[in-house]
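Everything below concerns the one structure shown next.
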Amino acid sequence: MTIALETQNLEKQFGGLRVTRDLSLKIEQGARHALIGPNGAGKTTVINQLTGVLKPNSGRILLEGQDITDLPVHKRVLRGLSRTFQINQLYPDLTPLETIGLAVSERLGHGGDWWRRMGTRSDVNGEIADLLTRFHLLDVMNEETVTLPYGKQRLLEIAVAIAAKPRVLLLDEPAAGVPESERHDILAVVGSLPRDVTVLLIEHDMDLVFSFADRISVLVSGALLTEGPPELVARDPQVKAVYLGEEAVNV
Amino acid sequence: MSASSDVGYHAQRKARWHFGEAAFWLIVLACGFLFPTRYLIMTDILRLALFAMSLDLILGYAGIVSLGHAAFFGVGAYAAGLLALHGIINEPVLALIVAGLAAMVLGFATSFLVIRGVDLTRLMVTLGIALLLEALAERFSNITGGTDGLQGIEMQPIFGEIPFDMFGKAGFFYSLAVLFVLFLFARRVVHSPFGLSLRAIKNNPLRAAAIGIPVNRRLIAIYTLAAFYAGIAGALFTQTTAIASLDVFAFERSADLMLVLVIGGTGYLYGGLVGAVIFRMLQEVFATITPQYWQFWIGLVLVVIVLVGRQRLHRWVLYVPNLIIKQVAGRKAVVAVPESDS
């Protein structure tokens with residue numbers, strides 16, 4: 001088996017607070033891996049280190065066997081590691097067409113073109129059209145992002161990450177805050193991601209985790225509590241204790 | 001139409017020329033023939049417009065605030081002055097480009113300081129650099145002429161053919177041509193993927209990096225280009241007035257520029273041009289009415305603009321025309337506020 005993404009003894013401290021403790025994760029090629037844990041377990045901090053927003057105090061991060069610990073954010077993206085954000089990080093003034101167009105242009109190496117008009121490359125246009133169609137955004141492609149309903153923004157958030165054609169995709173709570181009526185679209189899109197894309201899902205919603213993941217890691221206070229296939233993790237008494245609260249165990 | 005060509009069509013929507021734009025430039029050109037006694041003030045407006053367009057490139061597109069843009073204006077101004085004074089380059093267009101390049105070098109060198117900080121740091125760093133240069137220009141008075149400025153600059157004919165006349169006619173059309181060429185260039189750049197990536201960085205630098213945009217490299221590039229534009233504006237100042245003095249670096253010059261963009265709006269290139277016209281007109285009108293207190297009225301106008309909001313002002317201006325259009329042509333024909341200005 002090949003390992004797509006790996007952390008070795010990752011350690012991150014904010015002042016005296018150890019937010020990530022000696023974390024070693026291995027995510028297999030093509031896996032649907034979920035990282036769960038209670039609020040404040042440090043899940044987003046892990047994501048931020050994986051993507052390069054935060055630098056770990058010690059430990060290594062390997063993408064397909066290559067050390068990426070010291071690479072800046074944009075270089076990791078070009079190497080095939082892409083993410084979505086828990087809270088939408090979009091461009092309020094730009095349209096979905098422009099947003100996705102940028103991501104595609106950057107990946108194909110045309111992002112620095114300063115003389116050629118946007119929209120004059122047929123390869124870029126073709127990919128934009130594909131993504132807009134797949135993510136049900138074709139009808140709103142000229143609307144400013146800030147005016148879109150939340151569900152559409154959420155779809156755009158995922159579409160932008162996919163536009164980078166990642167081999168490893170980090171989904172940070174993709175369904176967070178989406179109203180029930182628009183949820184279905186998001187779940188369908190997440191479920192239909194191609195199998196050769198490795199997915200690491202960070203999620204609170206246990207229904208989504210257990211319907212989607214084939215492997216689960218449980219993070220508590222920055223450290224790995226347990227890891228295994230969903231049915232084992234679900235039966236783990238430690239995990240139950242964490243999710244029901246520590247008092248429940250003591251009683 | 002297939003989805004792909006549809007996308008291509010819509011992606012170029014903003015890059016296409018609109019009727020209003022052509023009309024704008026025709027009116028500007030017409031002014032050159034309609035007001036032959038007003039060349040000096042009109043040339044002044046053109047220079048300010050170019051200078052403001054330069055700030056718009058970094059402020060309106062990339063979100064970099066600056067209170068020291070006069071640094072590049074000043075370097076361009078002195079460079080053009082020195083080139084002409086010592087007869088190093090006598091042909092104005094060539095000297096203009098060289099002066100712009102000098103400012104560009106400074107822009108590139110200082111861009112590394114500017115991209116590091118957040119807004120407040122950027123304000124201080126840019127302000128500091130301009131003050132520094134002003135002090136240096138004063139200190140090295142053997143080169144710059146100190147507080148007297150460069151004197152005795154004599155401009156040679158443009159392309160060796162067209163002399164600068166005492167009415168400023170040649171200066172006006174020369175400045176207009178430079179402004180228009182640089183406008184076309186800027187227009188091309190902002191509608192490219194590069195230009196779009198700047199808007200993305202301004203909107204959300206975190207996400208910009210997360211889709212693979214090298215944020216710092218892009219900011220350095222646009223800051224350097226903006227410095228070139230400001231340098232050209234400064235060089236035009238020296239070439240059309242035959243003076244270069246310390247006030248080219250003055251803080252007021254940088255601050256006025258912010259006001260121009262507040263009036264005209266940012267992020268659609270015309271903000272600097274429209275703002276420059278309105279700003280100078282206001283200055284003229286108020287100075288005629290109350291020679292001593294014109295700054296009071298300018299200040300009042302600015303406060304009103306900021307409080308009421310430019311968009312709402314636009315809507316008021318368009319209120320009556322829209323009422324009429326609605327009667328004649330129905331709801332859909334209503335003239336909208338320019339969207340890129342929102």
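In the structure tokens, chains take letters A, B, ... by order of appearance, with residues numbered from 1 within each chain and ligands from 1 in the order shown.
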Tell me which protein, DNA and RNA residues are within 7 Å of A:Ala213, counting only C-alpha atoms, leaving out same-chain ones fewer than 4 positions away, and put them as a PDB file with N, CA and C atoms, in the first residue's frame.
ATOM      1  N   ARG A  32     -10.636   7.042   2.209  1.00  0.00           N
ATOM      2  CA  ARG A  32     -11.625   7.992   2.701  1.00  0.00           C
ATOM      3  C   ARG A  32     -11.425   8.020   4.206  1.00  0.00           C
ATOM      4  N   HIS A  33     -10.526   8.884   4.633  1.00  0.00           N
ATOM      5  CA  HIS A  33     -10.075   8.879   6.007  1.00  0.00           C
ATOM      6  C   HIS A  33     -10.746  10.022   6.750  1.00  0.00           C
ATOM      7  N   ALA A  34     -11.280   9.756   7.917  1.00  0.00           N
ATOM      8  CA  ALA A  34     -11.903  10.832   8.691  1.00  0.00           C
ATOM      9  C   ALA A  34     -11.095  11.109   9.946  1.00  0.00           C
ATOM     10  N   VAL A 209     -19.711  11.081   8.728  1.00  0.00           N
ATOM     11  CA  VAL A 209     -18.448  10.365   8.921  1.00  0.00           C
ATOM     12  C   VAL A 209     -18.644   8.870   8.685  1.00  0.00           C
TER      13      VAL A 209
END
For the contact check between stretch 136-238 of chain B and stretch 84-99 of chain B, emit one row per residue of stretch 136-238 of chain B within 8 Å, containing the shortest atom pair and the distance in Å rounded to one decimal, counting only C-alpha atoms, chain then rising number order, as JSON lines.
{"residue": "B:Gly152", "atom": "CA", "partner": "B:Leu85", "partner_atom": "CA", "distance": 7.1}
{"residue": "B:Ile153", "atom": "CA", "partner": "B:Leu85", "partner_atom": "CA", "distance": 5.1}
{"residue": "B:Glu154", "atom": "CA", "partner": "B:Ala84", "partner_atom": "CA", "distance": 6.8}
{"residue": "B:Met155", "atom": "CA", "partner": "B:Ala84", "partner_atom": "CA", "distance": 6.6}
{"residue": "B:Gln156", "atom": "CA", "partner": "B:Asn90", "partner_atom": "CA", "distance": 6.0}
{"residue": "B:Pro157", "atom": "CA", "partner": "B:Glu91", "partner_atom": "CA", "distance": 7.0}
{"residue": "B:Ile158", "atom": "CA", "partner": "B:Pro92", "partner_atom": "CA", "distance": 5.6}
{"residue": "B:Phe159", "atom": "CA", "partner": "B:Glu91", "partner_atom": "CA", "distance": 6.1}
{"residue": "B:Gly160", "atom": "CA", "partner": "B:Glu91", "partner_atom": "CA", "distance": 6.6}
{"residue": "B:Gly231", "atom": "CA", "partner": "B:Ala99", "partner_atom": "CA", "distance": 6.3}
{"residue": "B:Ile232", "atom": "CA", "partner": "B:Leu96", "partner_atom": "CA", "distance": 6.1}
{"residue": "B:Ala235", "atom": "CA", "partner": "B:Leu96", "partner_atom": "CA", "distance": 5.8}
{"residue": "B:Leu236", "atom": "CA", "partner": "B:Leu96", "partner_atom": "CA", "distance": 7.1}
Can those selected residues be exported to a file as a tab-separated table (two decimals), in the first residue's frame so that it contains N, CA and C atoms?
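Ended up saving to again_26.tsv:
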chain	number	residue	atom	x	y	z
B	152	GLY	N	16.42	75.92	-14.41
B	152	GLY	CA	16.98	76.06	-15.73
B	152	GLY	C	16.81	74.84	-16.62
B	153	ILE	N	15.79	74.06	-16.33
B	153	ILE	CA	15.53	72.90	-17.20
B	153	ILE	C	14.95	73.39	-18.53
B	154	GLU	N	15.56	72.95	-19.59
B	154	GLU	CA	15.01	73.31	-20.90
B	154	GLU	C	14.65	72.04	-21.65
B	155	MET	N	13.38	71.94	-22.00
B	155	MET	CA	12.93	70.72	-22.65
B	155	MET	C	13.15	70.79	-24.15
B	156	GLN	N	13.68	69.72	-24.68
B	156	GLN	CA	13.86	69.61	-26.14
B	156	GLN	C	12.56	69.14	-26.77
B	157	PRO	N	12.42	69.32	-28.09
B	157	PRO	CA	11.18	68.89	-28.76
B	157	PRO	C	10.94	67.38	-28.64
B	158	ILE	N	9.66	67.01	-28.59
B	158	ILE	CA	9.29	65.60	-28.52
B	158	ILE	C	9.63	64.93	-29.84
B	159	PHE	N	10.31	63.81	-29.79
B	159	PHE	CA	10.80	63.10	-30.98
B	159	PHE	C	11.66	64.03	-31.85
B	160	GLY	N	12.17	65.11	-31.25
B	160	GLY	CA	12.95	66.07	-32.01
B	160	GLY	C	12.12	66.89	-32.99
B	231	GLY	N	6.24	57.07	-11.36
B	231	GLY	CA	7.46	57.72	-11.84
B	231	GLY	C	7.21	58.47	-13.14
B	232	ILE	N	6.44	57.85	-14.03
B	232	ILE	CA	6.10	58.51	-15.28
B	232	ILE	C	5.30	59.79	-15.01
B	235	ALA	N	7.67	62.37	-13.87
B	235	ALA	CA	8.49	62.86	-14.98
B	235	ALA	C	7.70	63.80	-15.88
B	236	LEU	N	6.42	63.47	-16.08
B	236	LEU	CA	5.55	64.37	-16.86
B	236	LEU	C	5.45	65.73	-16.20
Quiz prompt | Contact residues (chain B, partner chain A, 8 Å, only C-alpha atoms) as a PyMOL selection string | solution = chain B and resi 3-5+7-12+15+188-197+199-200+203-204+206-207+209-214+218
Quiz item: Can you list every residue in stretch 36-170 of chain A that DSSP puts in helix (DSSP H, G or I), as number ranges by chain?
Solution: A: 43-51, 73-78, 96-107, 122-134, 138-140, 145-147, 150-163
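With only C-alpha atoms as the atoms that count, the minimum distance from A:Ile47 to the choices A:Glu180, A:Asp207, A:Asp214, A:Glu173 is reached by A:Glu173.
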Quiz item: Suppose you want the space between atom CA of B:Phe286 and atom CA of B:Leu302; what is it in Å?
Solution: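 Taking atom CA of B:Phe286 and atom CA of B:Leu302, their separation equals 13.4 Å.
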Quiz prompt | Neighbour list for stretch 169-180 of chain B as a ChimeraX atom specification, cut-off 7 Å, only C-alpha atoms, skip fewer than 4 positions in-chain | solution = /B:39,43,46,50,164-165,184,236,240
Self-check item: Shell of 7 Å around B:Ala62, only C-alpha atoms, local chain residues under 6 positions omitted, as a ChimeraX atom specification
Solution: /B:198-199,201-202,219
Quiz item: Got a sec: who's within 8 Å of A:Ile36, counting only C-alpha atoms, leaving out chain neighbours fewer than 6 positions off, as an MDAnalysis selection string?
Solution: chainID A and resid 43 202:204 216:219
Output for the residues just chosen: C-alpha atoms as a short mmCIF file (atom, residue, chain, number, x, y, z; two decimals), in the first residue's frame:
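That gives us part15.cif:
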data_model
loop_
_atom_site.label_atom_id
_atom_site.label_comp_id
_atom_site.auth_asym_id
_atom_site.auth_seq_id
_atom_site.Cartn_x
_atom_site.Cartn_y
_atom_site.Cartn_z
CA LYS A 43 -8.35 19.22 14.25
CA ILE A 202 -12.64 16.56 9.30
CA GLU A 203 -16.20 16.40 10.53
CA HIS A 204 -18.50 16.77 13.49
CA ILE A 216 -11.26 6.95 11.28
CA SER A 217 -8.68 8.62 13.50
CA VAL A 218 -9.86 10.09 16.77
CA LEU A 219 -8.06 13.17 18.04
#
Quiz prompt | Filtered DSSP result for stretch 81-180 of chain A, state strand (DSSP E), as a ChimeraX atom specification | solution = /A:81-83,168-172
Exercise. Report the distance between atom CA of B:Gly20 and atom CA of B:Tyr61 in Å, rounded to one decimal place.
Key: 21.4 Å
Practice problem: List the neighbours of B:Leu123 out to 9 Å using only C-alpha atoms; skip same-chain residues closer than 4 positions along the sequence, and give me the result as a ChimeraX atom specification. | Solution: /B:64-68,114,118-119,127-128
Export of prior selection with C-alpha atoms as a PDB file, in the first residue's frame:
ATOM      1  CA  ILE B  64      -2.104  47.714  -0.697  1.00  0.00           C
ATOM      2  CA  VAL B  65      -2.637  51.030   1.104  1.00  0.00           C
ATOM      3  CA  SER B  66       0.030  53.693   0.724  1.00  0.00           C
ATOM      4  CA  LEU B  67       0.562  57.141   2.167  1.00  0.00           C
ATOM      5  CA  GLY B  68       3.882  57.587   0.446  1.00  0.00           C
ATOM      6  CA  VAL B 114       5.673  46.791   1.982  1.00  0.00           C
ATOM      7  CA  VAL B 118      -0.692  44.596   7.326  1.00  0.00           C
ATOM      8  CA  ASP B 119      -2.496  47.843   6.501  1.00  0.00           C
ATOM      9  CA  LEU B 127       4.994  57.185   4.512  1.00  0.00           C
ATOM     10  CA  GLY B 128       8.451  56.670   5.973  1.00  0.00           C
TER      11      GLY B 128
END
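If only C-alpha atoms are the atoms counted, then among B:Ala227, B:Ala23, B:Arg16, B:Met42 the closest residue to B:Leu106 is B:Ala227.
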Quiz item: Which neighbours of A:Leu156 fall inside 8 Å, counting only C-alpha atoms, when residues of the same chain fewer than 6 positions from it are skipped, and could you give them as a list of chain:residue names?
Solution: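 Near neighbours after the sequence-gap exclusion: A:Pro96, A:Phe135, A:Leu137.
Among the candidate residues B:Val285, B:Ala221, B:Leu182, B:Thr241, the one lying nearest to B:Ala109 is B:Ala221, with distances computed using only C-alpha atoms.
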